[in-house]
>>> print(open('entry_11.csv').read())   # CSV, C-alpha atoms
chain,number,residue,atom,x,y,z
A,9,MET,CA,91.1,116.7,84.6
A,10,ASP,CA,87.5,117.8,85.6
A,11,GLU,CA,87.5,118.8,89.2
A,12,ALA,CA,84.4,116.7,89.8
A,13,LEU,CA,86.5,113.6,89.0
A,14,LEU,CA,89.0,114.6,91.7
A,15,THR,CA,86.5,114.7,94.6
A,16,PRO,CA,87.3,114.4,97.4
A,17,LEU,CA,89.9,117.2,97.2
A,18,PHE,CA,93.0,117.2,99.4
A,19,ASP,CA,93.2,120.2,101.8
A,20,ASP,CA,94.9,120.9,105.1
A,21,VAL,CA,93.8,122.5,108.3
A,22,GLY,CA,96.4,125.3,108.6
A,23,SER,CA,99.1,125.3,111.2
A,24,PHE,CA,102.6,124.3,110.3
A,25,PRO,CA,106.0,124.1,112.0
A,26,LEU,CA,108.1,127.3,112.0
A,27,PRO,CA,111.5,127.1,110.4
A,28,GLU,CA,114.3,125.6,112.6
A,29,GLY,CA,115.5,128.1,115.2
A,30,MET,CA,112.4,130.2,115.0
A,31,SER,CA,109.6,130.3,117.6
A,32,ARG,CA,106.3,132.1,118.1
A,33,VAL,CA,108.1,134.6,120.2
A,34,ASP,CA,109.9,135.7,117.0
A,35,VAL,CA,106.7,136.3,115.1
A,36,ASN,CA,106.4,140.1,115.2
A,37,THR,CA,103.6,141.7,113.2
A,38,ASP,CA,104.0,145.2,114.6
A,39,ASP,CA,107.3,146.3,113.1
A,40,PRO,CA,107.1,146.8,109.3
A,41,ALA,CA,110.5,145.2,108.6
A,42,ALA,CA,109.6,142.3,110.8
A,43,VAL,CA,106.3,141.9,109.0
A,44,GLN,CA,108.1,141.4,105.7
A,45,ARG,CA,110.4,138.8,107.2
A,46,TYR,CA,107.3,137.0,108.6
A,47,LEU,CA,105.6,137.1,105.3
A,48,ASP,CA,108.6,135.5,103.7
A,49,VAL,CA,108.4,132.6,106.2
A,50,VAL,CA,104.6,132.2,105.5
A,51,GLU,CA,105.3,132.2,101.7
A,52,GLN,CA,108.0,129.5,102.1
A,53,ALA,CA,105.8,127.3,104.2
A,54,MET,CA,102.8,127.7,101.8
A,55,TRP,CA,105.0,126.8,98.9
A,56,MET,CA,106.1,123.6,100.8
A,57,LYS,CA,102.4,122.7,101.2
A,58,VAL,CA,101.8,123.2,97.5
A,59,CYS,CA,104.9,121.2,96.5
A,60,ALA,CA,103.8,118.4,98.8
A,61,GLY,CA,100.6,118.0,96.7
A,62,VAL,CA,98.0,119.8,98.8
A,63,GLU,CA,95.3,120.8,96.4
A,64,VAL,CA,93.5,123.3,98.5
A,65,PRO,CA,96.1,124.6,101.0
A,66,THR,CA,95.4,126.8,104.0
A,67,TYR,CA,97.6,129.7,104.8
A,68,PRO,CA,100.2,128.6,107.4
A,69,GLN,CA,98.9,129.6,110.8
A,70,PHE,CA,101.9,130.6,112.9
A,71,ARG,CA,100.1,133.1,115.1
A,72,ASP,CA,97.6,132.5,118.0
A,73,MET,CA,94.3,131.5,116.4
A,74,ASN,CA,92.3,133.8,118.7
A,75,ARG,CA,94.6,136.9,119.1
A,76,MET,CA,95.2,137.2,115.3
A,77,PHE,CA,91.5,138.2,115.0
A,78,LEU,CA,90.8,139.6,118.4
A,79,ASP,CA,93.6,142.1,118.3
A,80,ILE,CA,91.8,143.7,115.4
A,81,ILE,CA,88.2,143.2,116.7
A,82,GLU,CA,89.1,144.8,120.1
A,83,ASP,CA,90.8,147.8,118.5
A,84,PRO,CA,88.3,150.7,118.6
A,85,SER,CA,90.1,152.4,115.7
A,86,LYS,CA,89.3,149.5,113.5
A,87,CYS,CA,85.6,149.1,114.5
A,88,THR,CA,82.4,150.8,113.6
A,89,GLU,CA,81.0,149.9,117.0
A,90,PRO,CA,82.3,147.7,119.9
A,91,LEU,CA,83.5,144.3,118.5
A,92,ALA,CA,82.3,145.1,115.0
A,93,VAL,CA,85.3,145.5,112.8
A,94,ASN,CA,85.0,147.5,109.6
A,95,ASP,CA,85.6,145.7,106.3
A,96,GLU,CA,88.8,147.6,105.5
A,97,SER,CA,90.5,146.5,108.7
A,98,ALA,CA,89.3,142.9,108.5
A,99,ALA,CA,92.5,141.7,106.9
A,100,ILE,CA,94.3,138.4,107.4
A,101,LEU,CA,98.0,139.4,107.0
A,102,GLU,CA,99.1,135.9,105.8
A,103,LEU,CA,97.0,136.2,102.6
A,104,GLU,CA,99.5,138.7,101.2
A,105,ALA,CA,102.1,135.9,101.2
A,106,VAL,CA,99.6,133.4,99.8
A,107,GLU,CA,98.9,135.7,96.9
A,108,ARG,CA,102.6,135.6,96.0
A,109,VAL,CA,102.5,131.8,96.0
A,110,ALA,CA,99.3,131.8,93.9
A,111,ARG,CA,101.1,134.0,91.3
A,112,ARG,CA,104.1,131.8,91.3
A,113,TRP,CA,102.0,128.6,90.9
A,114,ARG,CA,100.2,130.1,87.9
A,115,ARG,CA,103.5,131.3,86.4
A,116,GLU,CA,105.2,127.9,86.8
A,117,GLN,CA,102.2,125.5,86.3
A,118,GLY,CA,99.8,127.5,84.3
A,119,LYS,CA,97.0,126.7,86.8
A,120,THR,CA,94.9,128.5,89.4
A,121,LEU,CA,95.6,127.7,93.0
A,122,GLY,CA,92.5,127.2,95.0
A,123,VAL,CA,93.1,128.1,98.7
A,124,ARG,CA,91.4,127.5,102.0
A,125,VAL,CA,91.0,130.3,104.5
A,126,CYS,CA,90.7,129.4,108.1
A,127,ILE,CA,89.0,131.8,110.5
A,128,THR,CA,88.4,131.3,114.2
A,129,GLY,CA,84.7,130.8,114.7
A,130,PRO,CA,82.3,133.0,116.7
A,131,VAL,CA,81.9,130.6,119.6
A,132,GLU,CA,85.6,130.1,120.0
A,133,LEU,CA,86.2,133.9,120.0
A,134,TYR,CA,83.4,134.4,122.4
A,135,LEU,CA,84.8,131.9,124.8
A,136,ALA,CA,88.2,133.6,124.6
A,137,LEU,CA,86.7,136.9,125.6
A,138,PHE,CA,83.9,136.0,128.0
A,139,GLY,CA,84.3,132.4,129.0
A,140,PRO,CA,81.3,130.5,130.4
A,141,SER,CA,78.6,133.1,130.0
A,142,ASN,CA,75.6,133.7,127.8
A,143,TYR,CA,75.4,137.0,125.9
A,144,PRO,CA,73.8,136.1,122.5
A,145,ASP,CA,73.9,139.7,121.3
A,146,VAL,CA,77.7,139.7,121.8
A,147,LEU,CA,78.1,136.4,120.0
A,148,LEU,CA,76.2,137.8,117.0
A,149,GLN,CA,78.4,140.9,117.0
A,150,LEU,CA,81.5,138.7,116.8
A,151,ALA,CA,79.8,136.7,114.0
A,152,ARG,CA,79.4,140.0,112.1
A,153,SER,CA,83.1,140.7,112.5
A,154,ILE,CA,84.0,137.2,111.2
A,155,SER,CA,81.8,137.9,108.2
A,156,ALA,CA,83.9,141.0,107.5
A,157,PHE,CA,87.1,138.9,107.6
A,158,ILE,CA,85.5,136.5,105.1
A,159,ARG,CA,84.5,139.3,102.8
A,160,HIS,CA,87.9,140.8,102.9
A,161,ALA,CA,89.6,137.5,102.2
A,162,CYS,CA,87.4,136.8,99.2
A,163,THR,CA,87.6,140.2,97.6
A,164,ALA,CA,90.7,142.1,98.6
A,165,HIS,CA,93.2,139.6,97.1
A,166,ARG,CA,93.7,138.0,93.7
A,167,LEU,CA,93.0,134.6,95.1
A,168,ASP,CA,90.6,131.7,94.3
A,169,VAL,CA,89.2,131.2,97.7
A,170,LYS,CA,87.7,127.7,97.4
A,171,VAL,CA,87.0,127.1,101.0
A,172,VAL,CA,86.3,129.2,104.1
A,173,SER,CA,86.6,127.2,107.3
A,174,LEU,CA,85.3,128.2,110.7
A,175,ASP,CA,87.5,126.7,113.4
A,176,GLU,CA,85.4,125.7,116.4
A,177,PRO,CA,87.4,123.3,118.5
A,178,SER,CA,85.4,123.9,121.7
A,179,LEU,CA,82.1,122.7,120.3
A,180,GLY,CA,81.6,119.2,121.6
A,181,LEU,CA,84.6,119.4,123.9
A,182,ASN,CA,84.0,122.3,126.3
A,183,PRO,CA,81.3,121.4,128.8
A,184,SER,CA,81.1,125.0,130.1
A,185,ILE,CA,79.5,126.5,127.0
A,186,MET,CA,76.3,128.2,128.2
A,187,LEU,CA,75.2,129.6,124.8
A,188,ALA,CA,72.0,128.2,123.5
A,189,GLU,CA,72.2,126.0,120.4
A,190,ASP,CA,69.8,128.3,118.5
A,191,ASP,CA,72.0,131.3,119.2
A,192,ILE,CA,75.1,129.3,118.1
A,193,LEU,CA,73.2,128.4,114.9
A,194,ASP,CA,72.3,132.1,114.3
A,195,ALA,CA,75.9,133.1,114.8
A,196,LEU,CA,77.2,130.5,112.4
A,197,ASP,CA,74.7,131.6,109.7
A,198,ARG,CA,75.5,135.3,110.2
A,199,ALA,CA,79.3,134.7,110.0
A,200,VAL,CA,79.1,133.0,106.6
A,201,LYS,CA,76.2,135.0,105.1
A,202,GLY,CA,76.8,135.7,101.5
A,203,CYS,CA,80.0,133.6,101.3
A,204,ARG,CA,80.2,131.9,97.8
A,205,ALA,CA,83.0,129.5,98.7
A,206,ASP,CA,82.5,126.1,100.3
A,207,VAL,CA,82.0,126.8,104.0
A,208,GLN,CA,83.5,124.2,106.4
A,209,ILE,CA,83.3,124.0,110.1
A,210,HIS,CA,86.3,122.3,111.7
A,211,LEU,CA,85.2,120.4,114.8
A,212,HIS,CA,87.5,118.4,117.2
A,213,SER,CA,84.6,116.3,118.2
A,214,PRO,CA,81.6,115.0,116.1
A,215,LEU,CA,79.1,115.7,119.0
A,216,TYR,CA,77.9,118.9,117.3
A,217,TYR,CA,78.0,117.8,113.7
A,218,GLU,CA,74.2,118.0,113.4
A,219,LEU,CA,74.4,121.7,114.4
A,220,GLY,CA,76.7,122.2,111.4
A,221,CYS,CA,74.3,120.4,109.2
A,222,MET,CA,71.4,122.6,110.3
A,223,SER,CA,73.4,125.8,109.6
A,224,SER,CA,74.6,127.4,106.4
A,225,VAL,CA,77.7,125.3,106.6
A,226,ASP,CA,78.4,123.1,103.5
A,227,VAL,CA,81.0,120.8,104.9
A,228,VAL,CA,81.5,119.4,108.4
A,229,GLY,CA,85.1,118.5,109.3
A,230,VAL,CA,85.7,115.4,111.4
A,231,GLU,CA,88.9,114.3,113.0
A,232,CYS,CA,88.8,110.6,112.7
A,233,ALA,CA,92.3,109.3,111.8
A,234,SER,CA,93.3,109.3,115.5
A,235,ASP,CA,89.8,108.1,116.6
A,236,PRO,CA,88.1,106.1,113.8
A,237,SER,CA,85.0,105.7,116.0
A,238,SER,CA,84.2,109.4,115.4
A,239,LEU,CA,82.8,108.4,111.9
A,240,GLU,CA,80.4,106.0,113.5
A,241,MET,CA,78.7,109.0,115.3
A,242,ILE,CA,77.7,110.5,112.0
A,243,ASP,CA,74.5,109.5,110.2
A,244,ARG,CA,74.8,109.5,106.4
A,245,ALA,CA,71.0,110.0,106.2
A,246,VAL,CA,71.3,113.3,108.1
A,247,LEU,CA,74.0,114.5,105.7
A,248,GLU,CA,71.8,113.6,102.7
A,249,HIS,CA,68.7,115.2,104.2
A,250,THR,CA,70.5,118.5,104.9
A,251,ASP,CA,72.7,118.3,101.8
A,252,THR,CA,75.8,118.5,103.9
A,253,TYR,CA,79.2,117.0,103.1
A,254,LEU,CA,82.2,115.8,105.1
A,255,ARG,CA,85.8,116.8,105.4
A,256,VAL,CA,87.4,113.6,106.7
A,257,GLY,CA,90.7,113.4,108.5
A,258,ILE,CA,92.7,110.5,107.1
A,259,ALA,CA,96.1,111.2,108.6
A,260,ARG,CA,96.9,111.4,112.3
A,261,THR,CA,98.3,114.7,113.6
A,262,ASP,CA,98.3,113.9,117.4
A,263,ILE,CA,102.1,114.1,117.5
A,264,HIS,CA,102.6,113.6,121.2
A,265,SER,CA,100.6,110.3,121.2
A,266,MET,CA,102.4,109.2,118.0
A,267,ALA,CA,105.8,110.0,119.5
A,268,ALA,CA,105.0,108.1,122.7
A,269,GLN,CA,104.0,105.1,120.5
A,270,LEU,CA,107.4,105.2,118.8
A,271,SER,CA,109.3,105.7,122.1
A,272,GLU,CA,107.6,102.6,123.5
A,273,ARG,CA,108.4,100.7,120.3
A,274,TYR,CA,112.1,101.6,120.2
A,275,GLY,CA,112.7,102.0,124.0
A,276,ALA,CA,114.0,105.5,123.5
A,277,ASN,CA,112.8,109.1,123.8
A,278,VAL,CA,112.3,109.9,120.1
A,279,TRP,CA,112.3,113.6,120.8
A,280,LYS,CA,116.0,113.1,121.6
A,281,VAL,CA,116.8,110.8,118.7
A,282,PRO,CA,116.0,112.8,115.5
A,283,GLU,CA,116.3,109.8,113.2
A,284,LEU,CA,113.6,108.0,115.0
A,285,LEU,CA,111.2,110.9,114.4
A,286,GLU,CA,111.5,110.1,110.7
A,287,LYS,CA,109.5,107.0,111.4
A,288,LEU,CA,106.4,109.1,112.0
A,289,VAL,CA,106.0,109.1,108.3
A,290,SER,CA,107.9,106.0,107.3
A,291,GLU,CA,106.3,103.6,109.7
A,292,LEU,CA,103.2,105.1,111.3
A,293,GLU,CA,101.5,107.4,108.8
A,294,THR,CA,102.5,105.7,105.6
A,295,PRO,CA,100.5,106.1,102.3
A,296,GLU,CA,99.1,102.6,102.8
A,297,VAL,CA,97.8,103.3,106.3
A,298,ILE,CA,96.3,106.6,105.1
A,299,LEU,CA,94.7,104.9,102.1
A,300,SER,CA,93.0,102.3,104.3
A,301,ARG,CA,91.3,105.1,106.2
A,302,LEU,CA,90.1,106.8,103.0
A,303,GLU,CA,88.7,103.6,101.7
A,304,ARG,CA,86.8,102.9,105.0
A,305,ALA,CA,85.4,106.5,105.0
A,306,HIS,CA,84.3,106.1,101.4
A,307,ARG,CA,82.6,102.8,102.1
A,308,MET,CA,80.6,104.6,104.9
A,309,PHE,CA,79.8,107.9,103.2
A,310,GLY,CA,80.5,107.7,99.5
A,311,ASP,CA,80.1,110.9,97.6
A,312,ARG,CA,79.2,112.8,100.9
A,313,ILE,CA,82.9,113.2,101.3
A,314,ARG,CA,84.1,116.4,99.7
A,315,TYR,CA,87.5,117.0,101.3
A,316,VAL,CA,90.2,114.9,103.0
A,317,GLY,CA,93.5,115.6,104.7
A,318,PRO,CA,95.2,115.5,108.0
A,319,ASP,CA,93.1,115.5,111.1
A,320,CYS,CA,94.3,118.8,112.4
A,321,GLY,CA,97.2,121.3,112.1
A,322,LEU,CA,100.8,120.3,112.1
A,323,GLY,CA,102.2,123.2,114.1
A,324,ALA,CA,103.5,121.0,116.9
A,325,TRP,CA,105.3,118.6,114.6
A,326,PRO,CA,109.1,118.4,114.9
A,327,SER,CA,110.1,120.0,111.6
A,328,GLN,CA,108.8,121.5,108.4
A,329,ARG,CA,110.4,118.7,106.5
A,330,ILE,CA,108.6,115.9,108.4
A,331,ALA,CA,105.3,117.8,108.3
A,332,ALA,CA,105.7,118.2,104.5
A,333,ALA,CA,106.5,114.4,104.2
A,334,LEU,CA,103.2,113.6,105.9
A,335,LEU,CA,101.3,115.8,103.4
A,336,SER,CA,103.1,114.0,100.6
A,337,ASN,CA,102.0,110.7,102.0
A,338,VAL,CA,98.4,111.9,102.0
A,339,ARG,CA,98.7,112.9,98.4
A,340,ARG,CA,100.1,109.5,97.4
A,341,ALA,CA,97.2,107.8,99.2
A,342,VAL,CA,94.7,110.1,97.5
A,343,ASP,CA,96.3,109.5,94.1
A,344,VAL,CA,96.2,105.7,94.5
A,345,TRP,CA,92.6,105.8,95.6
A,346,ARG,CA,91.6,107.9,92.5
A,347,ASN,CA,93.4,105.5,90.2
A,348,THR,CA,91.6,102.5,91.6
A,349,GLU,CA,88.1,103.9,91.7
>>> encode(input="entry_11.csv", output="structure tokens")
Amino acid sequence: MDEALLTPLFDDVGSFPLPEGMSRVDVNTDDPAAVQRYLDVVEQAMWMKVCAGVEVPTYPQFRDMNRMFLDIIEDPSKCTEPLAVNDESAAILELEAVERVARRWRREQGKTLGVRVCITGPVELYLALFGPSNYPDVLLQLARSISAFIRHACTAHRLDVKVVSLDEPSLGLNPSIMLAEDDILDALDRAVKGCRADVQIHLHSPLYYELGCMSSVDVVGVECASDPSSLEMIDRAVLEHTDTYLRVGIARTDIHSMAAQLSERYGANVWKVPELLEKLVSELETPEVILSRLERAHRMFGDRIRYVGPDCGLGAWPSQRIAAALLSNVRRAVDVWRNTE
């Protein structure tokens, strides 16, 4: 089927539960043997996403979203100058495993797998290093390094990188940001300069969505399944005027609030009753509930919606199986919507 007829496409944000019995402490990317074991875990999780029906899956993020980039950016042996990583060193390790999944998908399905690459944005990396300060030249240097990671992701692997997403959770939520909006705008533009894939910015609050619209970003991501009022803060006319699209969250991922809701409903701590956790996807986030959110968003924004999926990552979810079940529910909802349009 023509991809244009499938819009909006179903993607995910990235993070995913580790296998049972494994924690972040066990993620070791220094020892070569451990790296191979880690890549096997990434490959397995990526395959689960694909089998759940995610059309543009993101590499599973099991590592700290800041350190996985800053460990390279702060290494003088990998930089041409302070905080400016060279292109050869700007590698996202997980994409090696994603490449295996893409080959398997082509071999078994005869199709090319489009992937989404998530990279921590310049503001978020800046805040991790310098906190509430204002050094626009440093911010721009970090943006140049992000641009190197994007170039490497799009050229060093045999992958169809359909989406590059800048993760900027602090924009709109962190009141201590001292950087000027013009400097943030310059950094976003520099980070994605020359990128031919769709460029998303993933925001946890819609307060800065217009900044995304004014930049080189193509798609603004909005978390609105857990807070439907977030969509009401976005003006469709602004999207149309700036030729910007939306990525809309149509499935809740705020696992602790959801678990509290179930605990209150059943009078038990669901974290201690595994069978009750199944109700996250059988009672709360059902295909019908997810479909209703997609229908509402489409009534409001129509063809300005380019991607849909869970609000945020699923790393805190209780198991890979339940996380994959949520993704499957999203796919069912998207399929029903397409068949009725």
>>> closest_residue(input="entry_11.csv", among="A:Gly129, A:Pro25, A:Pro326, A:Gly321", to="A:Leu174", atoms="all atoms listed in the file")
A:Gly129
>>> residues_around(input="entry_11.csv", residues="A:Ile242", least_positions_apart="4", cutoff="9 Å", atoms="only C-alpha atoms", output="VMD selection string")
chain A and resid 214 to 215 217 to 218 238 246 to 247
>>> closest_residue(input="entry_11.csv", among="A:Ile158, A:Leu133, A:Leu299, A:Ala233", to="A:Arg260", atoms="all atoms listed in the file")
A:Ala233
>>> build_atoms(input="entry_11.csv", residues="stretch 59-78 of chain A", atoms="N, CA and C atoms", output="JSON list (two decimals), keeping the file's coordinate frame")
[["chain", "number", "residue", "atom", "x", "y", "z"],
["A", 59, "CYS", "N", 103.93, 122.16, 97.07],
["A", 59, "CYS", "CA", 104.90, 121.20, 96.50],
["A", 59, "CYS", "C", 104.63, 119.78, 97.01],
["A", 60, "ALA", "N", 104.08, 119.69, 98.23],
["A", 60, "ALA", "CA", 103.80, 118.40, 98.80],
["A", 60, "ALA", "C", 102.51, 117.78, 98.22],
["A", 61, "GLY", "N", 101.78, 118.57, 97.42],
["A", 61, "GLY", "CA", 100.60, 118.00, 96.70],
["A", 61, "GLY", "C", 99.28, 118.43, 97.33],
["A", 62, "VAL", "N", 99.26, 119.36, 98.28],
["A", 62, "VAL", "CA", 98.00, 119.80, 98.80],
["A", 62, "VAL", "C", 97.24, 120.59, 97.76],
["A", 63, "GLU", "N", 96.04, 120.18, 97.46],
["A", 63, "GLU", "CA", 95.30, 120.80, 96.40],
["A", 63, "GLU", "C", 94.57, 122.07, 96.75],
["A", 64, "VAL", "N", 94.15, 122.14, 98.01],
["A", 64, "VAL", "CA", 93.50, 123.30, 98.50],
["A", 64, "VAL", "C", 94.17, 123.71, 99.83],
["A", 65, "PRO", "N", 95.36, 124.30, 99.76],
["A", 65, "PRO", "CA", 96.10, 124.60, 101.00],
["A", 65, "PRO", "C", 95.59, 125.76, 101.76],
["A", 66, "THR", "N", 95.75, 125.67, 103.07],
["A", 66, "THR", "CA", 95.40, 126.80, 104.00],
["A", 66, "THR", "C", 96.62, 127.60, 104.28],
["A", 67, "TYR", "N", 96.44, 128.90, 104.41],
["A", 67, "TYR", "CA", 97.60, 129.70, 104.80],
["A", 67, "TYR", "C", 98.21, 129.19, 106.06],
["A", 68, "PRO", "N", 99.52, 129.13, 106.16],
["A", 68, "PRO", "CA", 100.20, 128.60, 107.40],
["A", 68, "PRO", "C", 99.83, 129.46, 108.58],
["A", 69, "GLN", "N", 99.27, 128.84, 109.59],
["A", 69, "GLN", "CA", 98.90, 129.60, 110.80],
["A", 69, "GLN", "C", 100.07, 129.45, 111.81],
["A", 70, "PHE", "N", 100.81, 130.54, 111.96],
["A", 70, "PHE", "CA", 101.90, 130.60, 112.90],
["A", 70, "PHE", "C", 101.53, 131.43, 114.14],
["A", 71, "ARG", "N", 100.46, 132.21, 114.01],
["A", 71, "ARG", "CA", 100.10, 133.10, 115.10],
["A", 71, "ARG", "C", 98.95, 132.43, 115.94],
["A", 72, "ASP", "N", 98.69, 132.97, 117.13],
["A", 72, "ASP", "CA", 97.60, 132.50, 118.00],
["A", 72, "ASP", "C", 96.28, 132.64, 117.27],
["A", 73, "MET", "N", 95.51, 131.56, 117.22],
["A", 73, "MET", "CA", 94.30, 131.50, 116.40],
["A", 73, "MET", "C", 93.22, 132.50, 116.93],
["A", 74, "ASN", "N", 93.26, 132.86, 118.20],
["A", 74, "ASN", "CA", 92.30, 133.80, 118.70],
["A", 74, "ASN", "C", 92.82, 135.26, 118.60],
["A", 75, "ARG", "N", 94.06, 135.49, 119.04],
["A", 75, "ARG", "CA", 94.60, 136.90, 119.10],
["A", 75, "ARG", "C", 94.73, 137.46, 117.69],
["A", 76, "MET", "N", 95.01, 136.66, 116.68],
["A", 76, "MET", "CA", 95.20, 137.20, 115.30],
["A", 76, "MET", "C", 93.93, 137.91, 114.82],
["A", 77, "PHE", "N", 92.78, 137.51, 115.37],
["A", 77, "PHE", "CA", 91.50, 138.20, 115.00],
["A", 77, "PHE", "C", 91.08, 139.15, 116.10],
["A", 78, "LEU", "N", 91.23, 138.75, 117.36],
["A", 78, "LEU", "CA", 90.80, 139.60, 118.40],
["A", 78, "LEU", "C", 91.56, 140.90, 118.57]]
